[in-house]
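coords14.cif, holding mmCIF, C-alpha atoms:
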data_coords
loop_
_atom_site.label_atom_id
_atom_site.label_comp_id
_atom_site.auth_asym_id
_atom_site.auth_seq_id
_atom_site.Cartn_x
_atom_site.Cartn_y
_atom_site.Cartn_z
CA MET A 18 -40.84 -29.29 -9.32
CA ILE A 19 -38.89 -32.28 -8.03
CA PRO A 20 -35.22 -32.43 -9.12
CA ALA A 21 -34.04 -35.22 -11.41
CA ALA A 22 -32.50 -38.27 -9.73
CA PHE A 23 -28.82 -38.00 -8.76
CA ALA A 24 -26.12 -39.84 -6.83
CA TYR A 25 -25.22 -38.26 -3.50
CA VAL A 26 -21.79 -38.24 -1.82
CA ARG A 27 -21.00 -36.61 1.53
CA PRO A 28 -17.23 -36.64 2.17
CA SER A 29 -15.64 -35.61 5.46
CA THR A 30 -12.21 -34.42 4.21
CA VAL A 31 -10.91 -32.34 1.33
CA GLU A 32 -9.12 -35.39 -0.06
CA GLU A 33 -12.34 -37.41 -0.06
CA ALA A 34 -14.18 -34.52 -1.68
CA LEU A 35 -11.63 -34.28 -4.49
CA GLN A 36 -11.87 -38.04 -5.06
CA ALA A 37 -15.65 -37.83 -5.23
CA ILE A 38 -15.48 -34.91 -7.67
CA ALA A 39 -13.08 -36.85 -9.90
CA ALA A 40 -15.29 -39.94 -9.81
CA GLY A 41 -18.38 -37.90 -10.63
CA GLY A 42 -17.06 -36.93 -14.05
CA GLU A 43 -18.37 -33.98 -16.05
CA ASP A 44 -21.87 -34.04 -14.54
CA VAL A 45 -20.83 -33.55 -10.92
CA LYS A 46 -21.93 -30.52 -8.89
CA ILE A 47 -20.58 -29.32 -5.56
CA LEU A 48 -23.11 -28.52 -2.83
CA ALA A 49 -22.00 -25.89 -0.33
CA GLY A 50 -24.95 -23.98 1.15
CA GLY A 51 -27.19 -24.93 -1.76
CA GLN A 52 -28.75 -21.47 -2.06
CA SER A 53 -27.92 -21.25 -5.77
CA LEU A 54 -27.76 -24.91 -6.81
CA ILE A 55 -30.97 -26.29 -5.30
CA PRO A 56 -33.34 -23.75 -6.91
CA VAL A 57 -31.98 -24.43 -10.42
CA MET A 58 -32.18 -28.18 -9.81
CA ARG A 59 -35.81 -27.86 -8.74
CA LEU A 60 -36.52 -25.98 -11.97
CA ARG A 61 -34.65 -28.71 -13.93
CA LEU A 62 -32.26 -26.05 -15.26
CA ALA A 63 -29.49 -28.27 -13.89
CA ALA A 64 -29.60 -32.05 -13.65
CA PRO A 65 -26.26 -33.28 -12.32
CA GLU A 66 -25.65 -37.00 -12.09
CA THR A 67 -23.68 -36.62 -8.84
CA ILE A 68 -23.87 -34.16 -5.94
CA VAL A 69 -20.84 -33.81 -3.66
CA ASP A 70 -22.06 -32.32 -0.37
CA LEU A 71 -19.31 -30.46 1.54
CA THR A 72 -21.22 -29.79 4.74
CA LYS A 73 -19.26 -32.41 6.73
CA VAL A 74 -15.81 -31.14 5.69
CA SER A 75 -14.97 -29.28 8.89
CA GLU A 76 -11.53 -28.17 7.69
CA LEU A 77 -13.25 -25.86 5.20
CA ARG A 78 -14.91 -23.81 7.95
CA GLY A 79 -13.70 -20.98 10.12
CA VAL A 80 -11.64 -17.79 10.13
CA ARG A 81 -8.03 -17.56 11.26
CA GLU A 82 -5.07 -15.20 11.10
CA ASP A 83 -1.95 -15.82 9.06
CA GLY A 84 0.43 -12.88 9.37
CA ASP A 85 -1.10 -9.88 7.60
CA SER A 86 -3.98 -11.91 6.18
CA LEU A 87 -7.28 -13.35 7.28
CA VAL A 88 -7.87 -16.89 6.03
CA ILE A 89 -11.55 -17.73 5.53
CA GLY A 90 -12.62 -21.30 4.92
CA ALA A 91 -14.77 -21.70 1.83
CA MET A 92 -17.58 -23.39 3.79
CA THR A 93 -17.80 -20.66 6.44
CA THR A 94 -21.41 -19.48 6.54
CA HIS A 95 -22.47 -15.88 6.06
CA HIS A 96 -23.80 -15.88 9.62
CA ASP A 97 -20.41 -16.97 10.97
CA ILE A 98 -18.72 -14.24 8.93
CA CYS A 99 -21.04 -11.62 10.44
CA THR A 100 -20.34 -12.76 14.01
CA ASP A 101 -16.62 -13.59 13.82
CA PRO A 102 -14.38 -11.35 16.00
CA LEU A 103 -11.47 -11.40 13.54
CA ILE A 104 -13.75 -10.26 10.73
CA ALA A 105 -15.12 -7.53 13.01
CA GLN A 106 -11.58 -6.31 13.72
CA TYR A 107 -9.83 -6.67 10.36
CA GLY A 108 -12.52 -7.35 7.75
CA LYS A 109 -15.27 -4.81 8.39
CA LEU A 110 -16.00 -4.35 4.69
CA ILE A 111 -16.63 -8.09 4.37
CA ALA A 112 -18.99 -7.97 7.34
CA GLU A 113 -20.90 -4.95 6.00
CA ALA A 114 -21.50 -6.60 2.64
CA THR A 115 -22.33 -10.01 4.09
CA GLU A 116 -24.97 -8.49 6.37
CA THR A 117 -26.88 -7.40 3.24
CA VAL A 118 -26.96 -10.90 1.71
CA ALA A 119 -30.56 -12.13 1.43
CA ASP A 120 -32.21 -12.89 4.80
CA PRO A 121 -31.19 -14.58 8.08
CA ALA A 122 -32.30 -18.04 6.91
CA VAL A 123 -30.10 -17.82 3.81
CA ARG A 124 -27.18 -16.39 5.78
CA HIS A 125 -27.29 -19.36 8.14
CA ARG A 126 -27.01 -21.82 5.23
CA GLY A 127 -25.19 -19.94 2.48
CA THR A 128 -21.40 -19.98 2.46
CA PHE A 129 -18.71 -17.40 1.78
CA GLY A 130 -16.83 -19.58 -0.69
CA GLY A 131 -20.01 -20.82 -2.35
CA ALA A 132 -21.16 -17.27 -3.11
CA LEU A 133 -17.76 -16.37 -4.57
CA ALA A 134 -17.46 -19.56 -6.62
CA HIS A 135 -20.97 -18.98 -8.01
CA ALA A 136 -19.61 -15.66 -9.37
CA ASP A 137 -22.91 -13.90 -9.97
CA PRO A 138 -21.95 -10.27 -10.75
CA ALA A 139 -25.09 -9.16 -8.87
CA GLY A 140 -23.88 -10.96 -5.74
CA ASP A 141 -22.50 -8.80 -2.95
CA LEU A 142 -19.27 -10.61 -2.13
CA PRO A 143 -17.34 -10.80 -5.44
CA ALA A 144 -16.88 -7.02 -5.67
CA VAL A 145 -15.69 -6.94 -2.08
CA ALA A 146 -13.16 -9.70 -2.74
CA LEU A 147 -11.93 -7.83 -5.81
CA ALA A 148 -11.62 -4.52 -3.96
CA LEU A 149 -9.63 -6.16 -1.17
CA ASP A 150 -7.26 -8.01 -3.53
CA ALA A 151 -8.32 -11.34 -2.07
CA GLU A 152 -6.52 -14.56 -3.02
CA PHE A 153 -8.32 -17.83 -3.71
CA VAL A 154 -6.69 -21.11 -2.73
CA ILE A 155 -7.84 -23.94 -5.00
CA ALA A 156 -7.13 -27.64 -4.42
CA GLY A 157 -6.79 -30.10 -7.31
CA ALA A 158 -6.07 -33.72 -8.00
CA GLY A 159 -3.54 -35.27 -5.64
CA GLY A 160 -3.98 -32.46 -3.13
CA ALA A 161 -1.93 -29.92 -5.11
CA ARG A 162 -2.94 -26.35 -4.36
CA ARG A 163 -2.66 -23.15 -6.33
CA THR A 164 -3.47 -19.55 -5.48
CA VAL A 165 -5.35 -17.20 -7.82
CA GLY A 166 -5.73 -13.46 -7.27
CA ALA A 167 -9.19 -11.94 -7.37
CA ALA A 168 -8.40 -10.06 -10.59
CA ASP A 169 -7.93 -13.41 -12.36
CA PHE A 170 -10.46 -15.48 -10.43
CA PHE A 171 -13.62 -13.96 -11.90
CA VAL A 172 -13.47 -14.89 -15.59
CA ASP A 173 -16.98 -14.22 -16.93
CA TYR A 174 -20.63 -14.43 -15.96
CA LEU A 175 -20.98 -17.33 -13.48
CA THR A 176 -17.48 -18.44 -14.49
CA THR A 177 -14.32 -18.56 -12.37
CA ALA A 178 -10.77 -19.86 -12.60
CA ILE A 179 -11.80 -23.06 -10.78
CA GLU A 180 -11.26 -25.89 -13.27
CA ASP A 181 -12.93 -29.28 -13.55
CA GLY A 182 -11.85 -31.55 -10.71
CA GLU A 183 -10.84 -28.63 -8.47
CA LEU A 184 -12.25 -27.27 -5.24
CA LEU A 185 -12.08 -23.83 -3.62
CA VAL A 186 -10.78 -24.42 -0.09
CA GLU A 187 -10.06 -20.97 1.36
CA ILE A 188 -9.93 -17.26 0.67
CA ARG A 189 -7.08 -15.09 1.93
CA VAL A 190 -7.85 -11.42 2.53
CA PRO A 191 -5.39 -8.71 3.63
CA LYS A 192 -6.13 -7.31 7.07
CA LEU A 193 -7.31 -3.73 7.18
CA GLY A 194 -6.21 -1.87 10.31
CA SER A 195 -7.79 1.01 12.18
CA ASP A 196 -6.40 3.54 9.68
CA TRP A 197 -8.84 2.21 7.05
CA GLY A 198 -12.43 3.31 6.64
CA VAL A 199 -14.90 1.13 4.76
CA ARG A 200 -18.42 1.21 3.38
CA TYR A 201 -20.70 -1.03 1.32
CA GLU A 202 -23.47 0.92 -0.42
CA LYS A 203 -26.20 -1.18 -2.02
CA PHE A 204 -29.25 -0.17 -4.06
CA ASN A 205 -32.10 -2.59 -4.65
CA ARG A 206 -35.82 -2.28 -5.19
CA VAL A 207 -36.92 -4.32 -2.19
CA ALA A 208 -35.20 -5.62 0.93
CA GLN A 209 -33.24 -8.88 0.52
CA ALA A 210 -33.18 -8.57 -3.29
CA TRP A 211 -30.13 -8.79 -5.53
CA SER A 212 -28.19 -5.56 -6.00
CA ILE A 213 -29.20 -3.39 -8.91
CA VAL A 214 -25.85 -1.71 -8.25
CA ALA A 215 -23.61 -1.71 -5.19
CA VAL A 216 -20.21 -0.26 -4.31
CA ALA A 217 -17.54 -1.59 -1.95
CA ALA A 218 -15.14 1.11 -0.77
CA ALA A 219 -12.06 1.00 1.45
CA VAL A 220 -10.06 4.19 2.06
CA ARG A 221 -6.90 4.72 4.08
CA ARG A 222 -6.04 8.18 5.36
CA GLU A 223 -2.97 9.81 6.81
CA GLY A 224 -4.15 13.05 8.35
CA SER A 225 -6.07 14.98 5.73
CA ARG A 226 -4.77 13.01 2.74
CA ILE A 227 -5.96 9.77 1.15
CA THR A 228 -3.03 7.39 0.78
CA GLU A 229 -4.87 4.36 -0.63
CA ALA A 230 -8.32 3.63 -2.07
CA ARG A 231 -9.97 0.42 -3.22
CA ILE A 232 -13.33 0.52 -4.99
CA GLY A 233 -15.27 -2.52 -6.25
CA LEU A 234 -18.48 -2.33 -8.29
CA THR A 235 -21.31 -4.87 -8.10
CA ASN A 236 -23.52 -5.65 -11.13
CA MET A 237 -21.78 -3.29 -13.53
CA GLY A 238 -20.62 -5.96 -15.99
CA SER A 239 -20.35 -9.70 -16.45
CA THR A 240 -17.84 -9.81 -13.58
CA PRO A 241 -17.18 -7.53 -10.60
CA ILE A 242 -15.23 -4.44 -11.62
CA ARG A 243 -12.52 -2.42 -9.93
CA ALA A 244 -13.11 1.34 -10.34
CA ARG A 245 -9.48 2.14 -11.10
CA ALA A 246 -10.13 5.70 -12.33
CA VAL A 247 -11.82 6.59 -9.05
CA GLU A 248 -8.97 5.07 -7.05
CA ALA A 249 -6.36 7.00 -9.03
CA ALA A 250 -8.24 10.27 -8.55
CA LEU A 251 -8.46 9.76 -4.78
CA VAL A 252 -4.92 8.65 -3.94
CA GLY A 253 -2.76 11.57 -2.81
CA ALA A 254 -5.69 13.98 -2.70
CA ASP A 255 -6.88 15.98 0.27
CA VAL A 256 -10.04 14.65 1.87
CA SER A 257 -12.94 16.87 0.84
CA MET A 258 -16.39 16.58 -0.66
CA GLU A 259 -15.11 18.25 -3.81
CA THR A 260 -12.39 15.63 -4.22
CA VAL A 261 -14.74 12.73 -3.56
CA THR A 262 -17.44 14.07 -5.88
CA GLY A 263 -14.97 14.59 -8.71
CA ALA A 264 -13.47 11.14 -8.30
CA ALA A 265 -16.87 9.42 -8.06
CA ALA A 266 -17.92 11.00 -11.35
CA GLN A 267 -15.52 8.55 -13.04
CA ALA A 268 -17.04 5.44 -11.46
CA ALA A 269 -18.81 4.25 -14.62
CA GLU A 270 -15.70 4.41 -16.82
CA GLY A 271 -14.99 1.06 -18.47
CA THR A 272 -18.23 -0.54 -17.28
CA GLU A 273 -20.73 -2.43 -19.43
CA PRO A 274 -23.83 -2.93 -17.28
CA SER A 275 -26.80 -4.83 -18.63
CA SER A 276 -30.32 -3.53 -19.19
CA ASP A 277 -33.17 -5.57 -17.72
CA LEU A 278 -36.53 -5.19 -15.97
CA ASN A 279 -34.84 -3.67 -12.92
CA ALA A 280 -32.80 -0.95 -14.62
CA GLN A 281 -31.42 0.26 -17.93
CA ALA A 282 -27.67 0.41 -18.44
CA ASP A 283 -27.45 4.21 -18.29
CA TYR A 284 -29.37 4.23 -15.00
CA ARG A 285 -26.95 1.69 -13.54
CA GLN A 286 -24.06 3.93 -14.56
CA HIS A 287 -25.77 6.85 -12.83
CA LEU A 288 -26.24 4.73 -9.71
CA ALA A 289 -22.57 3.71 -9.78
CA ARG A 290 -21.53 7.35 -9.60
CA VAL A 291 -24.01 8.22 -6.85
CA LEU A 292 -23.26 5.15 -4.71
CA THR A 293 -19.50 5.56 -5.15
CA ARG A 294 -19.74 9.12 -3.85
CA ARG A 295 -21.76 7.94 -0.85
CA ALA A 296 -19.49 4.98 -0.13
CA VAL A 297 -16.24 6.93 -0.37
CA THR A 298 -17.68 9.81 1.66
CA ALA A 299 -18.51 7.42 4.49
CA ALA A 300 -15.26 5.45 4.21
CA ALA A 301 -13.20 8.65 4.28
CA GLY A 302 -15.01 9.85 7.38
CA LEU A 303 -16.58 12.94 5.83
#

As structure tokens, the full file:
Amino acid sequence: MIPAAFAYVRPSTVEEALQAIAAGGEDVKILAGGQSLIPVMRLRLAAPETIVDLTKVSELRGVREDGDSLVIGAMTTHHDICTDPLIAQYGKLIAEATETVADPAVRHRGTFGGALAHADPAGDLPAVALALDAEFVIAGAGGARRTVGAADFFVDYLTTAIEDGELLVEIRVPKLGSDWGVRYEKFNRVAQAWSIVAVAAAVRREGSRITEARIGLTNMGSTPIRARAVEAALVGADVSMETVTGAAAQAAEGTEPSSDLNAQADYRQHLARVLTRRAVTAAAGL
């Protein structure tokens, strides 16, 4: 189906983009990679009056260091994430998850910030951002910027803390050094499909003990979920299969997964426990 008619604006700076968004009113949509927006427009599930295309805003692309953080531009493509040397050194969990996103064609067009702003709980990147305590830098009218932590960024299904007239400009992620192990475990029915359940795990060891653990769950609720009970059970414990298995058994606590044609809720909770055990086992180097 052909999308409904719309006005098209292609700014070249963040300031121009914010002006275009403000001028577009309530029926404006932002086009990043277009992997989520264009399909729903073709189905006439969305009919915005104005599209603001960000593909020419070069300042929104790229990865750089800032002290103990990596700063990722919102318009950085998945492909660029997967091939960036800073991501390879300090953001291996991001790279692992991004490599599972769709197919090469989508990864060349889709963007890191676009996937996070879309906030689909079945998407691979929101749970990773949550597990890593990422921060989202959002620009508003007049160029004012505010920073929102991942725990507050994902509000509900397809809903974030980005307000009308605002634009996600960059994501700041703490660097993980060589003392961290990571793993992204994903279960889906066919290759390139959305996750039925997935788990993002980052574990830091000192000798035989786990000193820090971060676990994010994909598609286990209306937003990504942090498996706090698992993290608490792991921190301070000796690294062993018994420890990991016992901690992973708590992965489904506090989750409210949906039931659909792909899986019932109780099966998703079972998968969360199994995938958490696998992810933590690999991240801990067992």

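Closest approach to Thr117 in chain A among A:Glu259, A:Asp169, A:Asp141, A:Asp277 is made by A:Asp141 (distances from all atoms listed in the file).
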
(request) Excluding Glu82 in chain A and any residue of its chain fewer than 5 positions from it, enumerate the residues within 12 Å of it, using all atoms listed in the file, and give them as an NGL selection string. (result) :A and (87-90 or 101-104 or 106-108 or 188-192)

Could the residues in this selection be saved with C-alpha atoms as a PDB file, in the frame of the given file?
ATOM      1  CA  LEU A  87      -7.280 -13.350   7.280  1.00  0.00           C
ATOM      2  CA  VAL A  88      -7.870 -16.890   6.030  1.00  0.00           C
ATOM      3  CA  ILE A  89     -11.550 -17.730   5.530  1.00  0.00           C
ATOM      4  CA  GLY A  90     -12.620 -21.300   4.920  1.00  0.00           C
ATOM      5  CA  ASP A 101     -16.620 -13.590  13.820  1.00  0.00           C
ATOM      6  CA  PRO A 102     -14.380 -11.350  16.000  1.00  0.00           C
ATOM      7  CA  LEU A 103     -11.470 -11.400  13.540  1.00  0.00           C
ATOM      8  CA  ILE A 104     -13.750 -10.260  10.730  1.00  0.00           C
ATOM      9  CA  GLN A 106     -11.580  -6.310  13.720  1.00  0.00           C
ATOM     10  CA  TYR A 107      -9.830  -6.670  10.360  1.00  0.00           C
ATOM     11  CA  GLY A 108     -12.520  -7.350   7.750  1.00  0.00           C
ATOM     12  CA  ILE A 188      -9.930 -17.260   0.670  1.00  0.00           C
ATOM     13  CA  ARG A 189      -7.080 -15.090   1.930  1.00  0.00           C
ATOM     14  CA  VAL A 190      -7.850 -11.420   2.530  1.00  0.00           C
ATOM     15  CA  PRO A 191      -5.390  -8.710   3.630  1.00  0.00           C
ATOM     16  CA  LYS A 192      -6.130  -7.310   7.070  1.00  0.00           C
TER      17      LYS A 192
END

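Residues matching the PyMOL selection byres ((chain A and resi 163) around 12) in this structure come to Glu152, Phe153, Val154, Ile155, Ala156, Gly157, Ala158, Gly160, Ala161, Arg162, Thr164, Val165, Gly166, Phe170, Ala178, Ile179, Glu180, Glu183, Leu184, Leu185, Val186, Glu187 and Ile188 of chain A.
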
(message) Using only C-alpha atoms for the distances, tell me which of A:Phe129, A:Phe171, A:Trp211, A:Phe204 is nearest to Ala289 in chain A.
(response) A:Phe204

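CA of Gly194 in chain A lies 12.9 Å from CA of Gly84 in chain A.
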